[in-house]
$ cat final39.cif   # mmCIF, C-alpha atoms
data_target
#
loop_
_atom_site.label_atom_id
_atom_site.label_comp_id
_atom_site.auth_asym_id
_atom_site.auth_seq_id
_atom_site.Cartn_x
_atom_site.Cartn_y
_atom_site.Cartn_z
CA MET A 1473 -2.73 1.20 -12.26
CA PRO A 1474 -5.83 2.42 -14.06
CA ALA A 1475 -8.80 2.46 -11.78
CA VAL A 1476 -11.54 3.22 -14.20
CA LYS A 1477 -12.91 1.52 -17.25
CA ARG A 1478 -15.17 2.75 -19.97
CA ARG A 1479 -18.75 1.67 -19.98
CA GLY A 1480 -19.90 -1.10 -22.30
CA VAL A 1481 -23.37 -0.24 -23.60
CA VAL A 1482 -25.49 -3.34 -23.98
CA VAL A 1483 -28.80 -2.02 -25.20
CA GLY A 1484 -30.77 -1.96 -28.42
CA SER A 1485 -29.19 -0.37 -31.47
CA ALA A 1486 -31.66 2.52 -31.55
CA VAL A 1487 -30.72 3.56 -28.02
CA VAL A 1488 -27.02 3.20 -28.75
CA LEU A 1489 -27.25 5.37 -31.87
CA MET A 1490 -29.14 7.99 -29.91
CA LEU A 1491 -26.42 8.07 -27.24
CA LEU A 1492 -23.67 8.28 -29.83
CA ALA A 1493 -25.39 11.05 -31.72
CA ASN A 1494 -25.64 13.19 -28.62
CA SER A 1495 -22.66 12.35 -26.49
CA GLY A 1496 -19.11 11.23 -26.05
CA LEU A 1497 -20.04 8.30 -23.82
CA ALA A 1498 -18.98 5.80 -26.49
CA SER A 1499 -15.86 3.84 -25.61
CA ALA A 1500 -13.72 0.91 -26.65
CA ASP A 1501 -16.20 -1.55 -25.20
CA ASP A 1502 -19.36 -0.09 -26.76
CA ASP A 1503 -21.36 -2.19 -29.21
CA PHE A 1504 -22.74 -0.37 -32.24
CA GLY A 1505 -26.00 -1.00 -34.08
CA ASN A 1506 -26.41 -3.77 -36.65
CA GLY A 1507 -24.28 -6.07 -34.56
CA SER A 1508 -20.96 -4.53 -35.55
CA GLN A 1509 -18.35 -3.44 -33.08
CA LYS A 1510 -16.13 -0.38 -32.94
CA PRO A 1511 -12.41 -0.78 -33.50
CA SER A 1512 -10.31 -0.75 -30.36
CA PRO A 1513 -8.78 2.54 -29.27
CA PRO A 1514 -5.03 3.06 -29.55
CA PRO A 1515 -2.92 0.42 -27.78
CA VAL A 1516 -2.80 0.72 -24.03
CA SER A 1517 0.60 2.03 -23.13
CA GLY A 1518 2.31 4.16 -20.57
CA ASN A 1519 4.42 5.77 -23.31
CA ALA A 1520 3.66 8.67 -25.61
CA ASP A 1521 2.42 7.85 -29.12
CA GLU A 1522 4.32 8.64 -32.30
CA ASP A 1523 3.47 12.34 -32.22
CA GLY A 1524 5.06 12.48 -28.78
CA LYS A 1525 1.85 13.33 -26.99
CA LEU A 1526 -0.63 11.74 -24.63
CA SER A 1527 -0.72 7.95 -24.21
CA SER A 1528 -4.08 6.20 -24.31
CA THR A 1529 -4.09 5.56 -20.59
CA ALA A 1530 -2.90 8.95 -19.43
CA GLY A 1531 -6.36 10.16 -18.44
CA ALA A 1532 -7.09 7.25 -16.10
CA VAL A 1533 -7.18 7.86 -12.38
CA VAL A 1534 -4.34 6.07 -10.62
CA PHE A 1535 -4.75 4.82 -7.05
CA ASP A 1536 -2.01 4.34 -4.48
CA ARG A 1537 -3.40 1.81 -2.00
CA SER A 1538 -0.14 1.12 -0.17
CA LYS A 1539 -1.51 2.65 3.05
CA ASN A 1540 -4.94 1.07 2.79
CA GLY A 1541 -6.41 -1.59 5.06
CA SER A 1542 -5.76 -5.14 3.94
CA GLY A 1543 -6.60 -8.74 4.70
CA GLN A 1544 -9.53 -11.00 3.87
CA SER A 1545 -11.75 -9.42 6.50
CA ALA A 1546 -11.18 -5.83 5.33
CA GLY A 1547 -14.05 -4.08 3.60
CA PRO A 1548 -15.35 -0.76 2.27
CA VAL A 1549 -16.97 1.80 4.51
CA THR A 1550 -20.57 2.91 4.04
CA SER A 1551 -21.22 6.62 4.19
CA THR A 1552 -23.25 7.81 7.16
CA ALA A 1553 -24.67 10.61 4.99
CA SER A 1554 -27.88 9.48 3.34
CA ASN A 1555 -27.79 9.32 -0.46
CA TRP A 1556 -24.12 10.35 -0.65
CA THR A 1557 -21.88 8.36 -3.00
CA PRO A 1558 -18.69 9.12 -4.91
CA PRO A 1559 -19.24 10.08 -8.57
CA ALA A 1560 -20.34 7.28 -10.90
CA CYS A 1561 -18.80 9.01 -13.91
CA TYR A 1562 -16.46 11.89 -14.68
CA TYR A 1563 -14.44 13.50 -17.45
CA ALA A 1564 -10.66 13.43 -17.72
CA PRO A 1565 -8.02 13.70 -20.48
CA LYS A 1566 -8.01 10.79 -22.89
CA TYR A 1567 -6.65 11.49 -26.37
CA SER A 1568 -4.03 13.53 -28.17
CA PRO A 1569 -5.11 14.82 -31.62
CA ASP A 1570 -3.37 11.94 -33.36
CA GLN A 1571 -4.93 9.34 -31.08
CA LEU A 1572 -8.47 10.64 -31.43
CA LYS A 1573 -8.04 10.55 -35.21
CA LYS A 1574 -6.87 6.93 -35.04
CA TYR A 1575 -9.82 6.10 -32.83
CA LEU A 1576 -12.64 7.78 -34.76
CA GLU A 1577 -11.66 7.37 -38.42
CA PRO A 1578 -12.06 3.55 -38.48
CA ILE A 1579 -15.50 3.99 -36.91
CA TRP A 1580 -16.57 6.40 -39.64
CA GLU A 1581 -15.13 4.21 -42.39
CA ALA A 1582 -16.99 1.16 -41.10
CA GLY A 1583 -20.26 3.04 -41.49
CA SER A 1584 -21.78 1.19 -38.56
CA THR A 1585 -23.05 4.36 -36.91
CA GLY A 1586 -24.86 5.74 -39.93
CA TYR A 1587 -24.02 8.39 -42.50
CA GLU A 1588 -25.69 11.27 -40.67
CA TRP A 1589 -23.81 10.70 -37.42
CA ASP A 1590 -20.51 10.12 -39.21
CA ALA A 1591 -20.92 13.32 -41.22
CA LYS A 1592 -21.65 15.29 -38.08
CA GLN A 1593 -18.59 13.89 -36.38
CA ARG A 1594 -16.35 14.57 -39.39
CA LYS A 1595 -17.56 18.16 -39.48
CA LYS A 1596 -16.89 18.55 -35.77
CA PHE A 1597 -13.43 17.03 -35.57
CA GLU A 1598 -12.10 17.46 -39.13
CA GLY A 1599 -14.04 20.28 -40.75
CA GLY A 1600 -13.38 23.07 -38.30
CA ASP A 1601 -16.68 23.09 -36.42
CA PRO A 1602 -15.03 23.62 -34.00
CA TYR A 1603 -11.89 21.47 -34.54
CA LYS A 1604 -9.87 21.42 -37.75
CA ASP A 1605 -7.99 18.19 -38.51
CA PHE A 1606 -8.50 16.97 -34.94
CA ASN A 1607 -6.90 20.13 -33.55
CA LYS A 1608 -3.46 18.94 -34.67
CA GLU A 1609 -2.19 22.49 -34.78
CA LYS A 1610 -2.43 22.43 -30.97
CA ALA A 1611 -0.74 19.05 -30.51
CA GLY A 1612 1.26 19.13 -27.31
CA GLU A 1613 -0.73 22.06 -25.95
CA GLY A 1614 -3.72 20.18 -24.57
CA TYR A 1615 -5.89 17.05 -24.71
CA PHE A 1616 -9.28 15.80 -25.76
CA TRP A 1617 -11.23 14.89 -22.65
CA ALA A 1618 -13.71 12.02 -22.51
CA SER A 1619 -16.11 10.40 -20.07
CA TYR A 1620 -15.14 7.58 -17.74
CA VAL A 1621 -17.34 5.34 -15.62
CA THR A 1622 -16.05 4.54 -12.15
CA GLU A 1623 -15.14 0.89 -11.82
CA GLY A 1624 -17.92 -1.06 -10.14
CA ARG A 1625 -20.56 1.59 -10.97
CA GLU A 1626 -21.38 0.40 -14.49
CA GLY A 1627 -24.99 -0.39 -13.60
CA ASP A 1628 -25.54 2.81 -11.65
CA PRO A 1629 -27.99 5.27 -13.27
CA GLY A 1630 -25.51 8.03 -12.47
CA ALA A 1631 -23.06 6.43 -14.89
CA LEU A 1632 -25.16 7.86 -17.73
CA ASP A 1633 -24.85 11.43 -16.50
CA CYS A 1634 -21.66 12.04 -18.50
CA THR A 1635 -23.01 12.30 -22.03
CA ARG A 1636 -20.87 15.08 -23.49
CA ASP A 1637 -18.86 14.41 -26.64
CA TYR A 1638 -15.06 14.68 -26.69
CA PHE A 1639 -13.92 18.23 -25.92
CA TRP A 1640 -10.57 19.98 -25.94
CA VAL A 1641 -8.87 21.57 -22.92
CA ASP A 1642 -5.57 23.44 -23.16
CA THR A 1643 -2.84 22.37 -20.77
CA GLY A 1644 -3.10 24.34 -17.55
CA ASP A 1645 -6.62 25.59 -18.26
CA PRO A 1646 -9.63 24.45 -16.24
CA PRO A 1647 -12.29 22.45 -18.10
CA PRO A 1648 -15.44 24.33 -19.18
CA PRO A 1649 -17.45 25.45 -16.12
CA GLU A 1650 -20.65 23.97 -17.53
CA ILE A 1651 -19.23 20.46 -17.05
CA PRO A 1652 -19.62 19.68 -13.33
CA GLN A 1653 -18.31 16.14 -13.73
CA ALA A 1654 -14.86 17.27 -14.93
CA ILE A 1655 -12.23 15.74 -12.68
CA THR A 1656 -11.01 17.88 -9.77
CA PRO A 1657 -8.95 17.15 -6.66
CA GLU A 1658 -12.19 16.98 -4.66
CA MET A 1659 -13.61 14.39 -7.06
CA LEU A 1660 -10.36 12.44 -6.78
CA ALA A 1661 -10.83 12.47 -3.01
CA GLN A 1662 -14.35 11.11 -3.44
CA LEU A 1663 -13.13 8.36 -5.77
CA ALA A 1664 -10.43 7.48 -3.23
CA TYR A 1665 -13.17 7.29 -0.57
CA ALA A 1666 -14.72 4.40 -2.48
CA GLU A 1667 -11.34 2.61 -2.46
CA ILE A 1668 -10.85 2.84 1.32
CA ARG A 1669 -10.74 -0.56 3.03
CA VAL A 1670 -10.85 -0.94 6.80
CA PRO A 1671 -10.24 -4.00 8.99
CA SER A 1672 -12.96 -6.26 10.33
CA THR A 1673 -14.70 -5.00 13.43
CA LYS A 1674 -14.60 -8.22 15.42
CA VAL A 1675 -14.16 -7.01 18.97
CA GLU A 1676 -12.23 -8.65 21.76
CA LEU A 1677 -14.57 -9.88 24.51
CA ALA A 1678 -13.96 -10.99 28.08
CA PRO A 1679 -15.34 -13.51 28.78
CA GLU A 1680 -14.66 -14.63 25.20
CA GLY A 1681 -17.32 -16.44 23.18
CA THR A 1682 -19.39 -17.62 26.14
CA THR A 1683 -20.59 -15.40 28.97
CA LYS A 1684 -23.10 -15.58 31.79
CA VAL A 1685 -26.42 -13.91 32.48
CA ASN A 1686 -25.93 -10.63 34.41
CA LEU A 1687 -22.16 -10.82 34.03
CA PRO A 1688 -20.67 -7.64 32.50
CA THR A 1689 -18.73 -8.55 29.36
CA TRP A 1690 -15.83 -6.27 28.49
CA ALA A 1691 -15.35 -5.23 24.85
CA TRP A 1692 -12.42 -3.51 23.16
CA LEU A 1693 -10.61 -3.23 19.86
CA ASP A 1694 -6.99 -4.13 19.33
CA ALA A 1695 -5.40 -0.73 18.75
CA ALA A 1696 -2.76 -2.24 16.47
CA ASP A 1697 -5.46 -3.23 13.97
CA PHE A 1698 -7.27 0.09 13.99
CA LYS A 1699 -4.82 2.66 12.75
CA PRO A 1700 -5.73 5.34 10.18
CA VAL A 1701 -5.77 4.14 6.57
CA SER A 1702 -5.55 6.19 3.39
CA VAL A 1703 -5.77 6.01 -0.40
CA THR A 1704 -4.31 8.52 -2.84
CA ALA A 1705 -5.96 9.14 -6.22
CA SER A 1706 -4.22 11.11 -8.94
CA VAL A 1707 -4.26 12.04 -12.60
CA PRO A 1708 -0.53 12.21 -13.34
CA LEU A 1709 -1.06 13.93 -16.66
CA LEU A 1710 -2.72 16.89 -14.95
CA GLY A 1711 -0.46 16.91 -11.91
CA VAL A 1712 -3.41 16.74 -9.51
CA GLN A 1713 -3.91 14.37 -6.60
CA ALA A 1714 -5.91 13.86 -3.42
CA THR A 1715 -5.35 11.66 -0.40
CA THR A 1716 -8.38 10.45 1.52
CA THR A 1717 -7.79 9.27 5.08
CA ALA A 1718 -10.07 7.33 7.42
CA GLU A 1719 -9.51 7.32 11.18
CA PRO A 1720 -11.52 5.27 13.71
CA ILE A 1721 -13.42 7.42 16.20
CA SER A 1722 -16.01 5.17 17.86
CA LEU A 1723 -17.44 1.67 18.23
CA LYS A 1724 -21.15 0.95 18.44
CA ILE A 1725 -22.24 -2.28 20.11
CA GLU A 1726 -25.63 -3.83 19.38
CA PRO A 1727 -26.10 -6.92 21.58
CA GLY A 1728 -28.46 -8.76 19.24
CA THR A 1729 -31.29 -8.84 21.78
CA ALA A 1730 -33.38 -6.31 23.70
CA ASP A 1731 -32.63 -8.26 26.89
CA ALA A 1732 -29.26 -6.63 27.42
CA THR A 1733 -27.59 -3.56 28.86
CA THR A 1734 -24.76 -1.82 27.07
CA TYR A 1735 -21.86 0.15 28.50
CA PRO A 1736 -22.14 3.04 28.03
CA ALA A 1737 -25.92 3.14 27.84
CA SER A 1738 -25.82 4.50 24.30
CA GLY A 1739 -23.79 1.50 23.15
CA VAL A 1740 -21.29 3.90 21.54
CA CYS A 1741 -17.72 3.61 22.83
CA GLU A 1742 -15.58 6.61 21.91
CA LEU A 1743 -11.93 6.51 20.94
CA ASN A 1744 -9.77 7.00 24.03
CA GLY A 1745 -6.19 7.74 23.14
CA ASP A 1746 -5.10 4.98 20.79
CA GLN A 1747 -7.78 2.45 21.70
CA ILE A 1748 -11.54 1.97 21.80
CA GLY A 1749 -12.72 0.32 24.98
CA GLU A 1750 -10.37 -1.17 27.52
CA ALA A 1751 -8.82 -4.61 27.65
CA PHE A 1752 -9.94 -6.70 30.60
CA ALA A 1753 -7.28 -7.43 33.20
CA LYS A 1754 -7.15 -9.41 36.39
CA GLY A 1755 -8.59 -7.56 39.32
CA LYS A 1756 -11.29 -5.82 37.29
CA ALA A 1757 -13.99 -8.48 37.61
CA ASP A 1758 -16.05 -6.29 39.95
CA GLU A 1759 -15.67 -3.12 37.85
CA THR A 1760 -18.10 -1.82 35.24
CA PRO A 1761 -16.49 -2.00 31.81
CA PRO A 1762 -16.12 1.33 30.00
CA CYS A 1763 -17.22 -0.51 26.86
CA GLY A 1764 -19.21 -3.72 26.90
CA VAL A 1765 -22.52 -5.47 27.38
CA LYS A 1766 -24.45 -7.35 30.04
CA TYR A 1767 -26.96 -9.95 28.89
CA LEU A 1768 -30.09 -10.34 31.01
CA ARG A 1769 -31.35 -13.57 29.50
CA SER A 1770 -29.79 -16.83 28.39
CA SER A 1771 -29.41 -17.48 24.66
CA GLY A 1772 -30.63 -21.05 25.27
CA ASP A 1773 -29.41 -23.52 22.70
CA ASP A 1774 -28.56 -20.71 20.30
CA SER A 1775 -26.40 -17.59 20.45
CA TYR A 1776 -26.90 -13.87 20.13
CA LYS A 1777 -25.51 -11.99 17.13
CA LEU A 1778 -23.53 -9.16 18.60
CA GLN A 1779 -22.92 -6.48 15.97
CA ALA A 1780 -19.91 -4.21 16.30
CA THR A 1781 -19.76 -1.19 13.99
CA VAL A 1782 -16.82 1.18 13.85
CA THR A 1783 -17.35 4.74 12.70
CA TRP A 1784 -14.47 6.24 10.73
CA LYS A 1785 -13.87 9.96 10.40
CA ILE A 1786 -12.91 10.62 6.78
CA HIS A 1787 -11.15 13.67 5.37
CA TRP A 1788 -8.92 14.56 2.45
CA THR A 1789 -6.16 16.88 1.38
CA GLY A 1790 -4.68 17.43 -2.03
CA THR A 1791 -3.76 19.78 -4.83
CA GLY A 1792 -4.84 23.35 -4.24
CA VAL A 1793 -6.26 22.97 -0.73
CA ASN A 1794 -4.92 23.98 2.65
CA GLY A 1795 -5.50 21.58 5.51
CA ASP A 1796 -7.90 18.69 5.85
CA GLN A 1797 -11.22 18.85 4.05
CA PRO A 1798 -14.18 16.88 5.45
CA LEU A 1799 -15.98 14.00 3.79
CA PRO A 1800 -18.94 12.07 5.26
CA ASP A 1801 -18.08 9.65 8.05
CA GLY A 1802 -18.02 5.98 7.10
CA GLU A 1803 -19.09 2.83 8.91
CA PHE A 1804 -18.03 -0.79 8.74
CA GLY A 1805 -19.46 -3.53 10.94
CA ALA A 1806 -19.48 -7.26 11.55
CA ASP A 1807 -21.47 -9.80 13.54
CA GLN A 1808 -20.10 -12.33 16.01
CA ASP A 1809 -21.79 -15.06 18.01
CA VAL A 1810 -22.09 -14.74 21.78
CA ILE A 1811 -23.39 -17.65 23.84
CA VAL A 1812 -25.05 -16.59 27.08
CA GLN A 1813 -25.56 -19.20 29.77
CA GLU A 1814 -27.49 -19.20 33.02
CA ILE A 1815 -25.35 -19.16 36.15
CA GLN A 1816 -25.76 -22.54 37.72
CA ALA A 1817 -26.51 -22.47 41.44
CA VAL A 1818 -25.98 -25.46 43.76
CA ASN A 1819 -28.66 -26.00 46.44
CA ARG A 1820 -27.58 -27.87 49.56
#

$ encode --input "final39.cif" --output "structure tokens"
Amino acid sequence: MPAVKRRGVVVGSAVVLMLLANSGLASADDDFGNGSQKPSPPPVSGNADEDGKLSSTAGAVVFDRSKNGSGQSAGPVTSTASNWTPPACYYAPKYSPDQLKKYLEPIWEAGSTGYEWDAKQRKKFEGGDPYKDFNKEKAGEGYFWASYVTEGREGDPGALDCTRDYFWVDTGDPPPPEIPQAITPEMLAQLAYAEIRVPSTKVELAPEGTTKVNLPTWAWLDAADFKPVSVTASVPLLGVQATTTAEPISLKIEPGTADATTYPASGVCELNGDQIGEAFAKGKADETPPCGVKYLRSSGDDSYKLQATVTWKIHWTGTGVNGDQPLPDGEFGADQDVIVQEIQAVNR
């Protein structure tokens, strides 16, 4: 299913006209000056149009989430690398010659964008500077590329970085090197990163829910819930794809109070085989847990907010690469209440 949508520009008409005059950011949802609206692009369809070429949705990135984490408690990871995010916008194939003609001509005829801009566009796409009659002589040999805004990033300043007008790329050729936002397998991997969902990090505790002062509390994660997850992003029209995989590697425990000791001292429990931590079992009451916490003070009438954060190692593989390629680690955490009571002593 399409995973991107074009950006709706909701700003003053002067700003909109400036954007349109200098870029290809305009899309089916854009509002033009003077309160008028552009016609819709060609009908959304998975089939080729009447000239047998590209359908209007062929340039959209498609996600396969069948191996992703699921459930109400699942959520997206946050990159551990400061200021790193997947791209907010990118370029990918959008129109065949016939489709771009159907899209732009009604806009020009409506006159809502002004004579000067319309004349410039007609010269560019009809008059041979550089495309003659929408490049119809090359129909079936390539596509007009356009900008897309990543779903959920519409308000991100980076979404305005893709301001280039529609441009042609022959089938099998790379996009112009001066366009860094042109879609690549690596960018697909980054977009898939944003679609990764991992399970809640509620840890198993023993004792569960309520513990005692100075009593080591064991913590572990159910291995069945913490398997690797992955999302594949592709542009079928280009025959490129990337699969981004997240694997749990450690659990960090923050007790919710300074009056506590963690096991290990760092509070970080590493993955051991197929589990993080170790489930408590009878006969281990006098042992130090490999992963856990010991509270040194009662929580009184309240509780402590224990935060458990799992770090996920994230990597990708895809078209044109050999072996796994690294991406920044991701984190996902959750709080849970822990009641800590004083041990009651009986004086005789």

$ residues_around --input "final39.cif" --residues "stretch 1536-1547 of chain A" --least-positions-apart "2" --cutoff "6 Å" --atoms "only C-alpha atoms" --output "PyMOL selection string"
chain A and resi 1669-1672+1701-1704

$ closest_residue --input "final39.cif" --among "A:Thr1643, A:Ser1722, A:Gln1571, A:Thr1683" --to "A:Lys1785" --atoms "all atoms listed in the file"
A:Ser1722

$ resolve_selection --input "final39.cif" --expression "the PyMOL selection byres ((chain A and resi 1616-1619) around 9)" --output "short mmCIF file (atom, residue, chain, number, x, y, z; two decimals) with C-alpha atoms, keeping the file's coordinate frame"
data_model
loop_
_atom_site.label_atom_id
_atom_site.label_comp_id
_atom_site.auth_asym_id
_atom_site.auth_seq_id
_atom_site.Cartn_x
_atom_site.Cartn_y
_atom_site.Cartn_z
CA ARG A 1478 -15.17 2.75 -19.97
CA GLY A 1496 -19.11 11.23 -26.05
CA LEU A 1497 -20.04 8.30 -23.82
CA ALA A 1498 -18.98 5.80 -26.49
CA SER A 1499 -15.86 3.84 -25.61
CA GLY A 1531 -6.36 10.16 -18.44
CA CYS A 1561 -18.80 9.01 -13.91
CA TYR A 1562 -16.46 11.89 -14.68
CA TYR A 1563 -14.44 13.50 -17.45
CA ALA A 1564 -10.66 13.43 -17.72
CA PRO A 1565 -8.02 13.70 -20.48
CA LYS A 1566 -8.01 10.79 -22.89
CA TYR A 1567 -6.65 11.49 -26.37
CA SER A 1568 -4.03 13.53 -28.17
CA PRO A 1569 -5.11 14.82 -31.62
CA LEU A 1572 -8.47 10.64 -31.43
CA GLY A 1614 -3.72 20.18 -24.57
CA TYR A 1615 -5.89 17.05 -24.71
CA TYR A 1620 -15.14 7.58 -17.74
CA VAL A 1621 -17.34 5.34 -15.62
CA CYS A 1634 -21.66 12.04 -18.50
CA THR A 1635 -23.01 12.30 -22.03
CA ARG A 1636 -20.87 15.08 -23.49
CA ASP A 1637 -18.86 14.41 -26.64
CA TYR A 1638 -15.06 14.68 -26.69
CA PHE A 1639 -13.92 18.23 -25.92
CA TRP A 1640 -10.57 19.98 -25.94
CA VAL A 1641 -8.87 21.57 -22.92
CA ASP A 1642 -5.57 23.44 -23.16
CA PRO A 1647 -12.29 22.45 -18.10
CA GLN A 1653 -18.31 16.14 -13.73
CA ALA A 1654 -14.86 17.27 -14.93
#

$ atom_distance --input "final39.cif" --atom1 "atom CA of A:Gly1739" --atom2 "atom CA of A:Gly1802"
17.6 Å

$ atom_distance --input "final39.cif" --atom1 "atom CA of A:Val1707" --atom2 "atom CA of A:Val1534"
6.3 Å

$ atom_distance --input "final39.cif" --atom1 "atom CA of A:Ala1714" --atom2 "atom CA of A:Glu1658"
7.1 Å

$ closest_residue --input "final39.cif" --among "A:Asp1590, A:Ile1748, A:Val1533, A:Leu1632" --to "A:Ile1655" --atoms "all atoms listed in the file"
A:Val1533

$ residues_around --input "final39.cif" --residues "A:Gly1795" --least-positions-apart "6" --cutoff "12 Å" --atoms "only C-alpha atoms" --output "VMD selection string"
chain A and resid 1714 to 1715 1787 to 1789

$ closest_residue --input "final39.cif" --among "A:Thr1682, A:Ser1554, A:Thr1791, A:Cys1741" --to "A:Gly1711" --atoms "only C-alpha atoms"
A:Thr1791

$ residues_near_point --input "final39.cif" --point "(-25.4, -16.8, 22.5)" --cutoff "7 Å" --atoms "only C-alpha atoms" --output "JSON list (two decimals) with C-alpha atoms, in the coordinates of the input"
[["chain", "number", "residue", "atom", "x", "y", "z"],
["A", 1771, "SER", "CA", -29.41, -17.48, 24.66],
["A", 1774, "ASP", "CA", -28.56, -20.71, 20.30],
["A", 1775, "SER", "CA", -26.40, -17.59, 20.45],
["A", 1776, "TYR", "CA", -26.90, -13.87, 20.13],
["A", 1809, "ASP", "CA", -21.79, -15.06, 18.01],
["A", 1810, "VAL", "CA", -22.09, -14.74, 21.78],
["A", 1811, "ILE", "CA", -23.39, -17.65, 23.84],
["A", 1812, "VAL", "CA", -25.05, -16.59, 27.08]]

$ residues_around --input "final39.cif" --residues "A:Gln1808" --least-positions-apart "4" --cutoff "9 Å" --atoms "only C-alpha atoms" --output "MDAnalysis selection string"
chainID A and resid 1674:1675 1681 1776:1780

$ residues_around --input "final39.cif" --residues "A:Gln1747" --least-positions-apart "4" --cutoff "7 Å" --atoms "all atoms listed in the file" --output "number ranges by chain"
A: 1693, 1695, 1743

$ resolve_selection --input "final39.cif" --expression "the PyMOL selection byres ((chain A and resi 1556) around 12)" --output "ChimeraX atom specification"
/A:1550-1555,1557-1560,1662,1665-1666,1799-1802

$ residues_near_point --input "final39.cif" --point "(-13.2, 6.3, -38.4)" --cutoff "12 Å" --atoms "all atoms listed in the file" --output "ChimeraX atom specification"
/A:1510-1513,1571-1587,1589-1591,1593-1594,1597-1598

$ axis_aligned_box --input "final39.cif" --around "stretch 1648-1667 of chain A" --padding-each-side "3 Å" --output "JSON"
{"center_x": -14.8, "center_y": 14.0, "center_z": -9.9, "size_x": 17.7, "size_y": 28.8, "size_z": 24.6}

$ build_atoms --input "final39.cif" --residues "stretch 1553-1564 of chain A" --atoms "N, CA, C and O atoms" --output "PDB file, keeping the file's coordinate frame"
ATOM      1  N   ALA A1553     -23.811   9.581   5.588  1.00  0.00           N
ATOM      2  CA  ALA A1553     -24.670  10.610   4.990  1.00  0.00           C
ATOM      3  C   ALA A1553     -25.623   9.946   4.005  1.00  0.00           C
ATOM      4  O   ALA A1553     -25.189   9.250   3.083  1.00  0.00           O
ATOM      5  N   SER A1554     -26.893  10.131   4.206  1.00  0.00           N
ATOM      6  CA  SER A1554     -27.880   9.480   3.340  1.00  0.00           C
ATOM      7  C   SER A1554     -27.735   9.978   1.905  1.00  0.00           C
ATOM      8  O   SER A1554     -27.551  11.162   1.636  1.00  0.00           O
ATOM      9  N   ASN A1555     -27.809   9.031   0.989  1.00  0.00           N
ATOM     10  CA  ASN A1555     -27.790   9.320  -0.460  1.00  0.00           C
ATOM     11  C   ASN A1555     -26.481   9.919  -0.956  1.00  0.00           C
ATOM     12  O   ASN A1555     -26.439  10.461  -2.065  1.00  0.00           O
ATOM     13  N   TRP A1556     -25.403   9.843  -0.163  1.00  0.00           N
ATOM     14  CA  TRP A1556     -24.120  10.350  -0.650  1.00  0.00           C
ATOM     15  C   TRP A1556     -23.292   9.191  -1.190  1.00  0.00           C
ATOM     16  O   TRP A1556     -23.114   8.160  -0.519  1.00  0.00           O
ATOM     17  N   THR A1557     -22.795   9.345  -2.415  1.00  0.00           N
ATOM     18  CA  THR A1557     -21.880   8.360  -3.000  1.00  0.00           C
ATOM     19  C   THR A1557     -20.837   9.107  -3.824  1.00  0.00           C
ATOM     20  O   THR A1557     -21.103  10.215  -4.310  1.00  0.00           O
ATOM     21  N   PRO A1558     -19.666   8.527  -3.994  1.00  0.00           N
ATOM     22  CA  PRO A1558     -18.690   9.120  -4.910  1.00  0.00           C
ATOM     23  C   PRO A1558     -19.252   9.136  -6.327  1.00  0.00           C
ATOM     24  O   PRO A1558     -20.197   8.413  -6.644  1.00  0.00           O
ATOM     25  N   PRO A1559     -18.691   9.959  -7.213  1.00  0.00           N
ATOM     26  CA  PRO A1559     -19.240  10.080  -8.570  1.00  0.00           C
ATOM     27  C   PRO A1559     -19.192   8.760  -9.340  1.00  0.00           C
ATOM     28  O   PRO A1559     -18.227   8.011  -9.256  1.00  0.00           O
ATOM     29  N   ALA A1560     -20.272   8.500 -10.082  1.00  0.00           N
ATOM     30  CA  ALA A1560     -20.340   7.280 -10.900  1.00  0.00           C
ATOM     31  C   ALA A1560     -19.657   7.480 -12.242  1.00  0.00           C
ATOM     32  O   ALA A1560     -19.300   6.515 -12.916  1.00  0.00           O
ATOM     33  N   CYS A1561     -19.499   8.730 -12.653  1.00  0.00           N
ATOM     34  CA  CYS A1561     -18.800   9.010 -13.910  1.00  0.00           C
ATOM     35  C   CYS A1561     -18.124  10.366 -13.799  1.00  0.00           C
ATOM     36  O   CYS A1561     -18.460  11.184 -12.931  1.00  0.00           O
ATOM     37  N   TYR A1562     -17.168  10.614 -14.674  1.00  0.00           N
ATOM     38  CA  TYR A1562     -16.460  11.890 -14.680  1.00  0.00           C
ATOM     39  C   TYR A1562     -15.740  12.036 -16.003  1.00  0.00           C
ATOM     40  O   TYR A1562     -15.666  11.099 -16.817  1.00  0.00           O
ATOM     41  N   TYR A1563     -15.209  13.220 -16.247  1.00  0.00           N
ATOM     42  CA  TYR A1563     -14.440  13.500 -17.450  1.00  0.00           C
ATOM     43  C   TYR A1563     -12.979  13.733 -17.074  1.00  0.00           C
ATOM     44  O   TYR A1563     -12.680  14.371 -16.064  1.00  0.00           O
ATOM     45  N   ALA A1564     -12.098  13.230 -17.928  1.00  0.00           N
ATOM     46  CA  ALA A1564     -10.660  13.430 -17.720  1.00  0.00           C
ATOM     47  C   ALA A1564      -9.980  13.339 -19.086  1.00  0.00           C
ATOM     48  O   ALA A1564     -10.582  12.867 -20.061  1.00  0.00           O
TER      49      ALA A1564
END
